[in-house]
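Here's work_6.cif, which has mmCIF, C-alpha atoms and all ligand atoms:
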```
data_structure
loop_
_atom_site.label_atom_id
_atom_site.label_comp_id
_atom_site.auth_asym_id
_atom_site.auth_seq_id
_atom_site.Cartn_x
_atom_site.Cartn_y
_atom_site.Cartn_z
CA MET A 6 55.34 -31.35 -2.33
CA LYS A 7 57.80 -28.62 -1.83
CA ALA A 8 58.28 -25.77 -4.20
CA GLY A 9 61.91 -25.59 -5.14
CA THR A 10 64.20 -22.67 -5.56
CA PRO A 11 66.62 -22.77 -8.50
CA LEU A 12 69.89 -24.63 -8.43
CA PRO A 13 72.87 -22.50 -7.50
CA THR A 14 74.25 -20.72 -10.55
CA SER A 15 77.82 -21.32 -9.54
CA PRO A 16 79.45 -24.01 -7.43
CA GLY A 17 80.46 -21.32 -4.97
CA ASN A 18 76.87 -20.68 -3.87
CA SER A 19 76.02 -21.72 -0.38
CA MET A 20 73.23 -24.26 -0.17
CA ALA A 21 72.10 -22.71 3.07
CA CYS A 22 70.57 -19.89 1.03
CA HIS A 23 67.81 -22.26 -0.10
CA GLY A 24 66.32 -22.28 3.34
CA TYR A 25 64.93 -25.80 3.32
CA GLU A 26 67.31 -27.51 5.69
CA ALA A 27 66.35 -27.67 9.35
CA GLU A 28 67.64 -24.68 11.22
CA GLY A 29 71.14 -25.20 12.51
CA SER A 30 71.79 -28.32 10.45
CA LYS A 31 74.92 -28.60 8.37
CA VAL A 32 74.52 -29.18 4.64
CA ASN A 33 77.13 -31.36 3.00
CA ARG A 34 77.82 -30.23 -0.52
CA PRO A 35 78.85 -33.04 -2.87
CA ALA A 36 81.72 -32.52 -5.29
CA GLY A 37 80.97 -31.71 -8.93
CA GLU A 38 78.95 -29.28 -11.01
CA MET A 39 75.52 -30.80 -10.48
CA LEU A 40 73.38 -30.83 -7.40
CA THR A 41 70.44 -33.13 -6.88
CA TRP A 42 67.50 -32.20 -4.69
CA LYS A 43 65.12 -34.88 -3.53
CA PHE A 44 61.68 -33.89 -2.31
CA VAL A 45 59.54 -36.21 -0.26
CA ALA A 46 55.86 -35.58 0.44
CA PRO A 47 53.85 -37.94 2.63
CA ASN A 48 50.12 -38.41 2.11
CA VAL A 49 49.57 -36.37 -1.05
CA HIS A 50 47.69 -37.14 -4.26
CA ASP A 51 49.15 -34.41 -6.45
CA PHE A 52 52.21 -32.17 -6.59
CA VAL A 53 53.48 -28.86 -7.88
CA TRP A 54 56.98 -27.60 -8.46
CA ALA A 55 58.01 -24.05 -9.24
CA ALA A 56 61.30 -22.31 -10.00
CA ASP A 57 62.32 -18.85 -11.08
CA PRO A 58 65.79 -17.31 -10.65
CA GLN A 59 64.17 -14.02 -9.68
CA TYR A 60 61.91 -15.35 -6.93
CA LYS A 61 62.22 -13.63 -3.60
CA HIS A 62 61.89 -16.28 -0.89
CA ILE A 63 60.57 -15.44 2.57
CA SER A 64 59.66 -17.92 5.28
CA LYS A 65 58.13 -17.85 8.73
CA LYS A 66 57.89 -20.45 11.44
CA VAL A 67 54.32 -20.09 12.68
CA ARG A 68 54.20 -22.86 15.23
CA ASP A 69 56.05 -25.99 16.24
CA GLY A 70 56.58 -28.09 13.16
CA LEU A 71 55.19 -25.64 10.61
CA VAL A 72 57.15 -23.26 8.41
CA LEU A 73 55.37 -21.16 5.79
CA HIS A 74 57.10 -19.99 2.63
CA ALA A 75 56.34 -17.38 -0.01
CA PHE A 76 58.00 -17.08 -3.42
CA TYR A 77 57.32 -14.03 -5.55
CA LYS A 78 58.80 -11.34 -7.70
CA ILE A 79 57.67 -7.84 -8.40
CA SER A 80 57.98 -6.88 -12.05
CA ALA A 81 57.02 -3.22 -12.54
CA GLU A 82 56.75 -3.68 -16.28
CA HIS A 83 54.47 -6.72 -15.98
CA LEU A 84 52.32 -5.13 -13.28
CA THR A 85 51.93 -1.91 -15.23
CA LYS A 86 50.48 -3.97 -18.07
CA GLN A 87 48.10 -5.63 -15.61
CA TYR A 88 47.09 -2.22 -14.29
CA GLU A 89 46.45 -0.91 -17.81
CA ALA A 90 44.07 -3.81 -18.43
CA LEU A 91 41.94 -2.95 -15.37
CA SER A 92 38.47 -1.44 -15.68
CA ALA A 93 38.00 2.27 -14.96
CA PRO A 94 36.41 1.67 -11.51
CA ALA A 95 39.23 -0.73 -10.61
CA LYS A 96 41.85 1.83 -11.67
CA SER A 97 40.16 4.50 -9.58
CA ARG A 98 40.63 2.27 -6.51
CA TYR A 99 44.34 2.88 -7.02
CA GLY A 100 43.93 6.62 -7.48
CA ASN A 101 44.37 6.06 -11.23
CA LYS A 102 48.07 5.48 -10.72
CA ALA A 103 49.95 2.35 -11.80
CA GLU A 104 52.55 2.82 -9.06
CA ASN A 105 49.84 2.57 -6.38
CA PHE A 106 48.70 -0.72 -7.90
CA ILE A 107 52.27 -2.02 -7.86
CA THR A 108 52.79 -0.92 -4.25
CA ALA A 109 49.55 -2.59 -3.14
CA TYR A 110 50.47 -5.78 -5.01
CA GLN A 111 53.90 -5.88 -3.42
CA LYS A 112 52.49 -5.17 0.03
CA GLU A 113 50.14 -8.14 -0.25
CA TRP A 114 53.02 -10.46 -1.09
CA ASP A 115 55.31 -8.98 1.56
CA SER A 116 52.65 -9.54 4.23
CA VAL A 117 51.18 -12.85 3.04
CA LEU A 118 52.90 -14.85 5.80
CA VAL A 119 51.69 -12.42 8.45
CA LEU A 120 48.12 -12.99 7.29
CA ALA A 121 48.71 -16.74 7.15
CA SER A 122 50.15 -16.84 10.65
CA LYS A 123 47.10 -15.00 12.01
CA ALA A 124 44.78 -17.54 10.39
CA ILE A 125 46.44 -20.85 11.24
CA PRO A 126 45.42 -21.16 14.92
CA TYR A 127 41.76 -20.83 13.94
CA MET A 128 42.13 -23.17 10.97
CA ASP A 129 43.75 -25.84 13.16
CA LYS A 130 41.07 -25.53 15.81
CA THR A 131 38.04 -25.34 13.54
CA PHE A 132 38.87 -27.65 10.65
CA GLY A 133 41.50 -29.96 12.13
CA TYR A 134 45.23 -29.67 12.74
CA TYR A 135 47.30 -28.90 9.65
CA PRO A 136 49.61 -31.91 9.70
CA TYR A 137 52.33 -31.06 7.17
CA LYS A 138 55.60 -29.39 8.01
CA GLN A 139 55.25 -26.59 5.51
CA TYR A 140 53.06 -24.65 3.14
CA SER A 141 54.19 -22.45 0.23
CA PHE A 142 52.44 -19.49 -1.39
CA ILE A 143 53.98 -19.32 -4.84
CA GLN A 144 53.46 -16.66 -7.45
CA GLY A 145 52.48 -18.36 -10.68
CA GLY A 146 49.63 -19.52 -12.82
CA ASP A 147 46.46 -17.49 -13.00
CA GLY A 148 44.13 -16.62 -10.14
CA GLY A 149 44.75 -19.32 -7.55
CA MET A 150 45.20 -23.07 -7.81
CA GLU A 151 45.45 -25.50 -4.95
CA TYR A 152 48.04 -28.23 -4.52
CA PRO A 153 49.19 -30.25 -1.55
CA MET A 154 51.28 -28.03 0.71
CA ALA A 155 51.32 -25.21 -1.83
CA THR A 156 49.30 -22.90 -4.00
CA LEU A 157 50.05 -21.03 -7.21
CA LEU A 158 48.72 -17.48 -6.97
CA LYS A 159 48.65 -14.54 -9.33
CA GLY A 160 48.30 -12.02 -6.51
CA ALA A 161 48.32 -12.49 -2.75
CA GLY A 162 44.94 -10.93 -1.91
CA GLU A 163 43.38 -12.13 1.31
CA ASP A 164 40.44 -13.99 -0.26
CA VAL A 165 42.51 -16.11 -2.59
CA VAL A 166 45.27 -16.74 -0.04
CA ILE A 167 42.84 -18.11 2.55
CA HIS A 168 40.72 -19.93 0.00
CA GLU A 169 43.61 -21.81 -1.57
CA TRP A 170 45.15 -22.72 1.76
CA MET A 171 41.81 -24.05 3.01
CA HIS A 172 41.88 -26.42 0.06
CA SER A 173 44.54 -28.25 2.08
CA TRP A 174 41.56 -29.61 4.01
CA TYR A 175 38.83 -29.85 1.39
CA GLN A 176 40.61 -31.52 -1.46
CA MET A 177 44.15 -32.28 -0.36
CA MET A 178 43.59 -34.07 2.94
CA MET A 179 40.07 -35.32 2.21
CA GLY A 180 40.86 -36.28 -1.37
CA THR A 181 37.21 -36.28 -2.38
CA ASN A 182 36.66 -37.05 -6.06
CA GLU A 183 36.38 -33.52 -7.40
CA SER A 184 34.81 -34.58 -10.69
CA LEU A 185 31.92 -36.18 -8.84
CA TYR A 186 31.71 -33.83 -5.86
CA PRO A 187 33.14 -30.46 -6.92
CA TRP A 188 30.94 -28.74 -4.31
CA MET A 189 32.46 -30.78 -1.47
CA ASP A 190 35.80 -29.16 -2.39
CA GLU A 191 34.89 -25.68 -3.57
CA GLY A 192 31.77 -25.25 -1.46
CA PHE A 193 33.32 -26.51 1.78
CA THR A 194 36.42 -24.41 1.05
CA THR A 195 34.30 -21.31 0.40
CA PHE A 196 32.44 -21.91 3.65
CA ALA A 197 35.74 -22.26 5.52
CA GLU A 198 37.21 -19.21 3.78
CA ASP A 199 34.30 -17.09 5.08
CA ARG A 200 34.82 -18.44 8.59
CA VAL A 201 38.58 -17.80 8.57
CA LYS A 202 38.17 -14.26 7.19
CA ALA A 203 35.56 -13.53 9.87
CA PHE A 204 38.06 -14.74 12.47
CA VAL A 205 40.92 -12.65 11.07
CA HIS A 206 38.77 -9.50 11.06
CA GLN A 207 36.73 -10.44 14.14
CA SER A 208 33.64 -9.69 12.05
CA THR A 209 30.19 -10.70 13.14
CA GLY A 210 26.83 -10.85 11.37
CA PHE A 211 25.90 -13.18 8.55
CA ILE A 212 29.28 -14.03 7.10
CA HIS A 213 27.95 -16.32 4.36
CA ALA A 214 25.69 -13.71 2.74
CA GLY A 215 27.80 -13.77 -0.43
CA SER A 216 27.30 -17.51 -0.91
CA TYR A 217 23.54 -17.27 -0.30
CA GLY A 218 23.33 -14.35 -2.73
CA GLY A 219 25.18 -16.42 -5.34
CA TYR A 220 22.83 -19.36 -4.84
CA PHE A 221 19.71 -17.17 -5.12
CA ALA A 222 21.07 -15.63 -8.34
CA LEU A 223 21.65 -19.15 -9.65
CA VAL A 224 18.05 -20.15 -8.88
CA LYS A 225 16.76 -17.05 -10.68
CA SER A 226 19.04 -17.62 -13.67
CA GLY A 227 17.16 -20.75 -14.70
CA VAL A 228 20.42 -22.59 -15.51
CA GLU A 229 20.78 -24.36 -12.17
CA GLU A 230 21.59 -28.07 -12.36
CA PRO A 231 21.73 -30.48 -9.42
CA LEU A 232 24.92 -30.46 -7.34
CA SER A 233 25.22 -34.14 -8.21
CA THR A 234 26.07 -33.22 -11.82
CA HIS A 235 29.56 -34.32 -12.88
CA ALA A 236 31.88 -31.28 -12.86
CA ASP A 237 32.57 -31.58 -16.59
CA HIS A 238 28.94 -32.09 -17.56
CA PHE A 239 27.39 -28.78 -16.51
CA ASP A 240 25.81 -26.90 -19.40
CA SER A 241 27.27 -23.57 -18.31
CA ARG A 242 30.31 -22.31 -16.50
CA PHE A 243 28.06 -20.12 -14.34
CA GLY A 244 25.96 -23.18 -13.43
CA TYR A 245 29.06 -25.16 -12.48
CA SER A 246 30.84 -22.47 -10.52
CA THR A 247 27.89 -21.02 -8.61
CA SER A 248 26.61 -24.49 -7.72
CA SER A 249 29.99 -25.68 -6.55
CA TYR A 250 31.21 -22.59 -4.70
CA SER A 251 28.02 -20.89 -3.51
CA LYS A 252 25.42 -23.64 -3.16
CA GLY A 253 28.11 -25.94 -1.77
CA ALA A 254 28.85 -23.40 0.98
CA VAL A 255 25.13 -22.91 1.60
CA PHE A 256 24.81 -26.69 2.02
CA LEU A 257 27.14 -26.59 5.04
CA GLU A 258 25.78 -23.43 6.64
CA GLN A 259 22.22 -24.66 6.17
CA LEU A 260 23.22 -28.01 7.65
CA GLY A 261 24.10 -25.98 10.75
CA TYR A 262 20.55 -24.64 10.73
CA ILE A 263 19.19 -28.21 10.56
CA ILE A 264 21.39 -29.99 13.12
CA GLY A 265 22.60 -26.95 15.10
CA ALA A 266 25.73 -24.89 14.47
CA ASP A 267 27.68 -26.57 17.29
CA ASN A 268 26.87 -30.02 15.93
CA ARG A 269 27.92 -28.93 12.43
CA ASP A 270 31.24 -27.69 13.80
CA LYS A 271 31.74 -30.94 15.74
CA LEU A 272 30.98 -32.76 12.51
CA LEU A 273 33.70 -30.87 10.61
CA LEU A 274 36.31 -31.94 13.14
CA GLU A 275 35.01 -35.49 13.17
CA TYR A 276 35.07 -35.52 9.37
CA TYR A 277 38.73 -34.49 9.48
CA ARG A 278 39.56 -37.04 12.17
CA LYS A 279 37.83 -39.96 10.53
CA TYR A 280 38.13 -39.29 6.80
CA ARG A 281 41.32 -37.38 6.03
CA PHE A 282 43.43 -39.31 3.52
CA LYS A 283 40.45 -41.65 2.94
CA HIS A 284 38.67 -40.14 -0.12
CA PRO A 285 35.21 -39.78 1.47
CA GLU A 286 32.04 -39.52 -0.59
CA LEU A 287 28.81 -37.70 0.13
CA ASN A 288 27.24 -40.65 1.93
CA ASP A 289 30.23 -40.88 4.28
CA PHE A 290 29.71 -37.26 5.23
CA ILE A 291 25.95 -37.64 5.71
CA ARG A 292 26.28 -40.82 7.78
CA LEU A 293 28.81 -39.06 9.98
CA ALA A 294 26.51 -36.02 10.31
CA GLU A 295 23.71 -38.36 11.40
CA GLY A 296 25.97 -39.97 13.98
CA VAL A 297 27.13 -36.65 15.41
CA SER A 298 23.67 -35.07 15.55
CA GLY A 299 21.32 -38.00 16.14
CA ILE A 300 19.19 -36.58 13.31
CA GLN A 301 18.27 -38.50 10.18
CA LEU A 302 19.55 -36.65 7.12
CA ASP A 303 19.08 -38.88 4.07
CA TRP A 304 16.41 -36.47 2.79
CA TYR A 305 18.68 -33.44 2.85
CA PRO A 306 20.99 -34.37 -0.05
CA GLN A 307 18.05 -35.95 -1.88
CA PHE A 308 16.49 -32.50 -2.12
CA PHE A 309 19.45 -30.15 -1.97
CA VAL A 310 22.08 -32.14 -3.88
CA ASN A 311 20.20 -34.44 -6.22
CA SER A 312 17.55 -31.93 -7.26
CA THR A 313 17.16 -28.21 -7.92
CA LYS A 314 13.99 -27.95 -5.84
CA THR A 315 13.88 -24.81 -3.73
CA ILE A 316 12.74 -23.74 -0.27
CA ASP A 317 9.95 -21.27 0.38
CA TYR A 318 8.19 -21.08 3.70
CA GLY A 319 5.81 -18.28 4.62
CA ILE A 320 3.55 -16.92 7.34
CA ASP A 321 -0.06 -17.45 6.33
CA SER A 322 -2.25 -16.10 9.14
CA LEU A 323 -2.50 -15.75 12.90
CA TRP A 324 -5.30 -15.49 15.45
CA GLN A 325 -6.12 -15.83 19.14
CA GLU A 326 -7.91 -18.98 20.27
CA ASN A 327 -8.61 -20.25 23.80
CA GLY A 328 -6.15 -17.76 25.26
CA LYS A 329 -3.35 -18.91 22.95
CA ILE A 330 -1.72 -17.53 19.84
CA LYS A 331 -2.26 -19.63 16.74
CA ILE A 332 -0.03 -19.16 13.72
CA ARG A 333 -0.57 -20.88 10.40
CA LEU A 334 2.58 -21.39 8.36
CA ARG A 335 2.70 -22.43 4.75
CA ASN A 336 5.20 -24.48 2.78
CA ALA A 337 5.05 -22.92 -0.67
CA GLY A 338 8.33 -24.52 -1.75
CA LYS A 339 9.41 -28.03 -2.67
CA VAL A 340 12.04 -28.77 -0.03
CA PRO A 341 10.86 -29.64 3.48
CA MET A 342 12.82 -27.95 6.25
CA PRO A 343 12.64 -27.53 10.02
CA ILE A 344 11.38 -24.13 11.13
CA ASP A 345 12.78 -21.67 13.63
CA LEU A 346 10.02 -19.13 14.24
CA MET A 347 11.04 -16.14 16.33
CA LEU A 348 8.33 -14.26 18.19
CA THR A 349 9.13 -10.81 19.57
CA PHE A 350 6.67 -9.23 21.99
CA LYS A 351 5.99 -5.56 22.64
CA ASP A 352 7.94 -5.68 25.90
CA GLY A 353 11.00 -6.82 23.98
CA THR A 354 10.95 -10.44 25.14
CA LYS A 355 11.58 -13.12 22.57
CA HIS A 356 10.42 -16.70 22.16
CA LEU A 357 11.66 -19.22 19.65
CA ALA A 358 9.14 -21.78 18.44
CA TYR A 359 11.01 -24.70 16.88
CA ILE A 360 9.28 -27.13 14.52
CA PRO A 361 11.47 -30.07 13.44
CA GLN A 362 10.91 -31.55 10.03
CA TYR A 363 9.28 -35.00 10.24
CA LEU A 364 11.97 -36.78 8.19
CA MET A 365 14.60 -35.74 10.73
CA PHE A 366 13.21 -38.13 13.35
CA GLY A 367 14.82 -35.88 15.92
CA SER A 368 15.44 -32.28 16.82
CA LYS A 369 18.42 -29.98 17.08
CA PRO A 370 19.62 -28.82 20.48
CA VAL A 371 18.95 -25.28 21.72
CA GLU A 372 21.37 -23.01 19.87
CA ASP A 373 20.87 -19.78 21.80
CA ALA A 374 20.35 -20.28 25.52
CA THR A 375 19.40 -16.61 26.00
CA VAL A 376 16.08 -17.09 24.16
CA PRO A 377 13.45 -19.50 25.57
CA ARG A 378 12.57 -22.19 23.04
CA SER A 379 9.46 -24.36 22.70
CA LEU A 380 9.72 -27.63 20.81
CA HIS A 381 6.69 -28.44 18.66
CA GLU A 382 5.39 -31.49 16.88
CA ALA A 383 7.29 -32.26 13.67
CA TRP A 384 5.93 -30.87 10.39
CA ARG A 385 5.08 -33.72 8.04
CA TRP A 386 6.65 -33.05 4.68
CA THR A 387 3.46 -34.09 2.86
CA HIS A 388 1.46 -31.28 4.50
CA PRO A 389 1.52 -27.80 2.94
CA ASN A 390 0.26 -26.06 6.11
CA TYR A 391 1.07 -26.21 9.80
CA VAL A 392 -0.76 -24.57 12.67
CA LEU A 393 1.41 -23.64 15.59
CA GLU A 394 0.15 -22.86 19.07
CA VAL A 395 2.11 -20.75 21.54
CA GLU A 396 1.38 -19.21 24.90
CA GLY A 397 0.71 -15.48 24.92
CA LYS A 398 -1.62 -12.76 23.82
CA LEU A 399 -1.84 -11.89 20.20
CA ASN A 400 -2.14 -8.15 20.81
CA GLU A 401 1.16 -8.22 22.71
CA LEU A 402 2.99 -9.70 19.76
CA LYS A 403 5.07 -7.29 17.72
CA LEU A 404 7.03 -9.34 15.23
CA ILE A 405 7.16 -12.89 13.95
CA GLU A 406 9.88 -14.14 11.67
CA ILE A 407 10.79 -17.46 10.11
CA ASP A 408 14.51 -18.15 10.53
CA PRO A 409 15.85 -14.76 11.63
CA THR A 410 19.39 -16.17 11.24
CA ARG A 411 18.77 -16.48 7.47
CA ARG A 412 20.61 -19.78 7.33
CA MET A 413 17.68 -21.52 5.63
CA ALA A 414 18.05 -20.82 1.90
CA ASP A 415 14.49 -19.60 1.47
CA VAL A 416 14.20 -18.21 -2.07
CA ASP A 417 11.41 -15.79 -1.16
CA ARG A 418 11.89 -14.13 2.20
CA SER A 419 9.18 -11.52 1.55
CA ASN A 420 6.64 -13.79 3.30
CA ASN A 421 8.91 -14.79 6.20
CA LYS A 422 8.41 -11.77 8.39
CA LEU A 423 5.32 -10.11 9.76
CA GLU A 424 5.39 -6.92 11.75
CA LEU A 425 2.20 -6.24 13.68
CA MET A 426 1.19 -2.57 13.80
CA TRP A 427 -1.31 -2.61 16.66
ZN ZN B 501 38.81 -23.26 -4.75
#
```
As C-alpha cells, please, write out the structure in this file.
Ligand SMILES: [Zn+2]
Amino acid sequence: MKAGTPLPTSPGNSMACHGYEAEGSKVNRPAGEMLTWKFVAPNVHDFVWAADPQYKHISKKVRDGLVLHAFYKISAEHLTKQYEALSAPAKSRYGNKAENFITAYQKEWDSVLVLASKAIPYMDKTFGYYPYKQYSFIQGGDGGMEYPMATLLKGAGEDVVIHEWMHSWYQMMMGTNESLYPWMDEGFTTFAEDRVKAFVHQSTGFIHAGSYGGYFALVKSGVEEPLSTHADHFDSRFGYSTSSYSKGAVFLEQLGYIIGADNRDKLLLEYYRKYRFKHPELNDFIRLAEGVSGIQLDWYPQFFVNSTKTIDYGIDSLWQENGKIKIRLRNAGKVPMPIDLMLTFKDGTKHLAYIPQYLMFGSKPVEDATVPRSLHEAWRWTHPNYVLEVEGKLNELKLIEIDPTRRMADVDRSNNKLELMW
C-alpha cells in the first residue's frame, strides 16, 4: 500500500508535486473540484494510509524498480515537549538542550533514505530480493509499526528504521500467523536487524549479544513461557516481548551453530524463495532447514520452542591416557546440543573437536577452514557425560572452551572454559 499525500488544496495545484507518477510521465488532470487517487498493492495482507498537510516528502531511487519515500514534519513545539519528558541521562546526551534534540531528530529524518539505500543491497542479497516498487518511512503512530511497503515511525533512529523495514520479509512477505508464531516475525526480524546494522557499520564480533543477553535475563526472571504460547496468552508483557524478540533471534543464530552458519544463510534465502506469500508455519521452516542441511531437526523446536528447558554444558575433567588427551564433558542442562570444543595449545595452534548431537543424524560442515577439525561420535542425548579423545599432550594444552563463538545459548558459561596454568 502506498502512503498518500493530501489532495491539492486548490484546483491550481500541479499533481506532479505528489511524486508518485513514473518519472517523465504526463498526468492528466480531470475537470472538477475533486480528485480521486487509486492505490493498488499486489501481494499484501494489510495496508496503511497516512496524510498530513504539513508532511515533507522526500524520495530516492535506490535501484532499478525501487523508490523509497519518507514523510515527516518537524514540530519544534511538539519535540520540545518530548525532550522535556526525557530522563536526566537521556537529556544529558543532548547536552541538556532541547534544540540539540530537535536537530538530532531532524537529521535522522533527513538522512533516513541515505541509511536505507546503504542497507538495501545487503538486505536483497541476504534475505531475498525486495520485490515491491516502493517503500515509505512515515512519521506517525508510536515507536515503529510495520505494514506492507511502509512503516509508521515516531523517530527515524537507525534501529527502528532497519527493524521495521526488515518486517517486509518476516511478516509482510512470509505472512506467518503472528498470533501463533510471534517469534518468527519479531525474532527473525531482530536477527536480521542485527545483521543489517553490522553490515552498515562493517562491525565484527558477536553481533547478537543483545538478543542472547535478553534471553538469559528472561530465563533468570522465572516468567519465561514456551515460544509456542499464543501471543495474546502470555502472562506478562516482558515474557511475551523477550521471548518473541530475543529468544526468537537466538533461535536463528543458534540454528547456525547447529547446522552451520552458511547452511543457515542458504536456508533463509530458500525460505524466501519457497515460502514468500505462502503463510509458512514452523514445521515448514524446520522441514526446509532439514532439506538444506541434511540434518534432522525435529528435536530442536521440541526443546527450544515448545518448552522452556535450558542448555548448560560444562567441562568436567581431563587427563592423559595412552598418549592421548581425554576430556570428560558434562550435560548439566535439559536441552541436548552438538558441541564445538576448541583446544588451544601452548604454541598457539588450535584444534576444534566437534561432537554432533545424536538426534541430528548428521553433522554440520566445517565452518572455519583455518582451524583443523576432528569429527567425533555423536553424543547420545540420554547420556549426561561424554568422554572425548584427541591427539596431543595434555601438558601442551593451554585452553579448552566449549563453543567459543557463543552461539549456543548456554545459561551458565562459567563451566565452559578451562585455562590450564602449567
Ligand atoms: Zn518488530
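Minimum atom-to-atom distances from A:Met365, A:Ala214, A:Ala294, A:Met189 to ligand ZN 501 (chain B) were compared using all atoms listed in the file, and the lowest value belongs to A:Met189.
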To one decimal place in Å, what is the distance between atom CA of Asn421 of chain A and atom CA of Pro343 of chain A?
13.8 Å
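For the atom pair formed by atom CA of Gly133 of chain A and atom CA of Phe196 of chain A, the distance is 14.8 Å, given to one decimal.
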Could you list, as a PyMOL selection string, all residues that come within 10 Å of ligand ZN 501 (chain B)? Count all atoms listed in the file.
chain A and resi 149-151+165+167-172+175-176+187-188+190-195+198+246+249-250
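Nearest residue to Phe132 of chain A among A:Asp199, A:Asp115, A:Glu89, A:Glu275 is A:Glu275, counting only C-alpha atoms.
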Sort by chain and increasing residue number a table of all residues of segment 160-219 of chain A within 6 Å of segment 276-284 of chain A, each with its closest pair of atoms and their distance in Å to one decimal, counting all atoms listed in the file, and write it as a Markdown table.
```
| residue | atom | partner | partner_atom | distance |
| --- | --- | --- | --- | --- |
| A:Met178 | CA | A:Arg281 | CA | 5.1 |
| A:Met179 | CA | A:Arg281 | CA | 4.5 |
| A:Gly180 | CA | A:His284 | CA | 4.6 |
| A:Thr181 | CA | A:His284 | CA | 4.7 |
```
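The protein and nucleic acid residues lying at most 7 Å from Tyr318 of chain A are Arg335, Asn336, Ala337, Gly338, Asp415 and Asn421 of chain A, with only C-alpha atoms considered and sequence neighbours fewer than 4 positions away removed.
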Using only C-alpha atoms, can you tell me which of A:Leu274, A:Ala222, A:Ile360, A:Met154 comes closest to Val45 of chain A?
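The answer is A:Met154, which sits nearest to Val45 of chain A.
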Within 9 Å of Arg411 of chain A, counting all atoms listed in the file, which residues qualify if same-chain residues fewer than 4 places away don't, as a PDB file with C-alpha atoms, keeping the file's coordinate frame?
```pdb
ATOM      1  CA  PHE A 211      25.900 -13.180   8.550  1.00  0.00           C
ATOM      2  CA  ALA A 214      25.690 -13.710   2.740  1.00  0.00           C
ATOM      3  CA  GLN A 259      22.220 -24.660   6.170  1.00  0.00           C
ATOM      4  CA  TYR A 262      20.550 -24.640  10.730  1.00  0.00           C
ATOM      5  CA  ILE A 407      10.790 -17.460  10.110  1.00  0.00           C
ATOM      6  CA  ASP A 415      14.490 -19.600   1.470  1.00  0.00           C
ATOM      7  CA  ARG A 418      11.890 -14.130   2.200  1.00  0.00           C
TER       8      ARG A 418
END
```
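One distance worth recording is that between atom CA of Gln139 of chain A and atom CA of Ala155 of chain A, which is 8.4 Å.
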Can you sort out the box for segment 208-226 of chain A, edges along x, y and z, all listed atoms in, 4 Å on every side, with centre and edge lengths in Å to one decimal, as AutoDock Vina command-line options?
```
--center_x 25.2 --center_y -14.9 --center_z -0.3 --size_x 24.9 --size_y 18.5 --size_z 34.8
```
Would you list the residues near (-1.9, -3.0, 18.0), meaning any protein, DNA or RNA residue with an atom at most 12 Å from that point in file coordinates, counting only C-alpha atoms, as a CSV table (one decimal) with C-alpha atoms, keeping the file's coordinate frame?
```csv
chain,number,residue,atom,x,y,z
A,350,PHE,CA,6.7,-9.2,22.0
A,351,LYS,CA,6.0,-5.6,22.6
A,398,LYS,CA,-1.6,-12.8,23.8
A,399,LEU,CA,-1.8,-11.9,20.2
A,400,ASN,CA,-2.1,-8.2,20.8
A,401,GLU,CA,1.2,-8.2,22.7
A,402,LEU,CA,3.0,-9.7,19.8
A,403,LYS,CA,5.1,-7.3,17.7
A,404,LEU,CA,7.0,-9.3,15.2
A,424,GLU,CA,5.4,-6.9,11.8
A,425,LEU,CA,2.2,-6.2,13.7
A,426,MET,CA,1.2,-2.6,13.8
A,427,TRP,CA,-1.3,-2.6,16.7
```
Dump as a PyMOL selection string all residues having an atom at most 8 Å from (56.0, -4.9, -6.9), computed in the file's coordinates with only C-alpha atoms.
chain A and resi 78-81+84+107-112
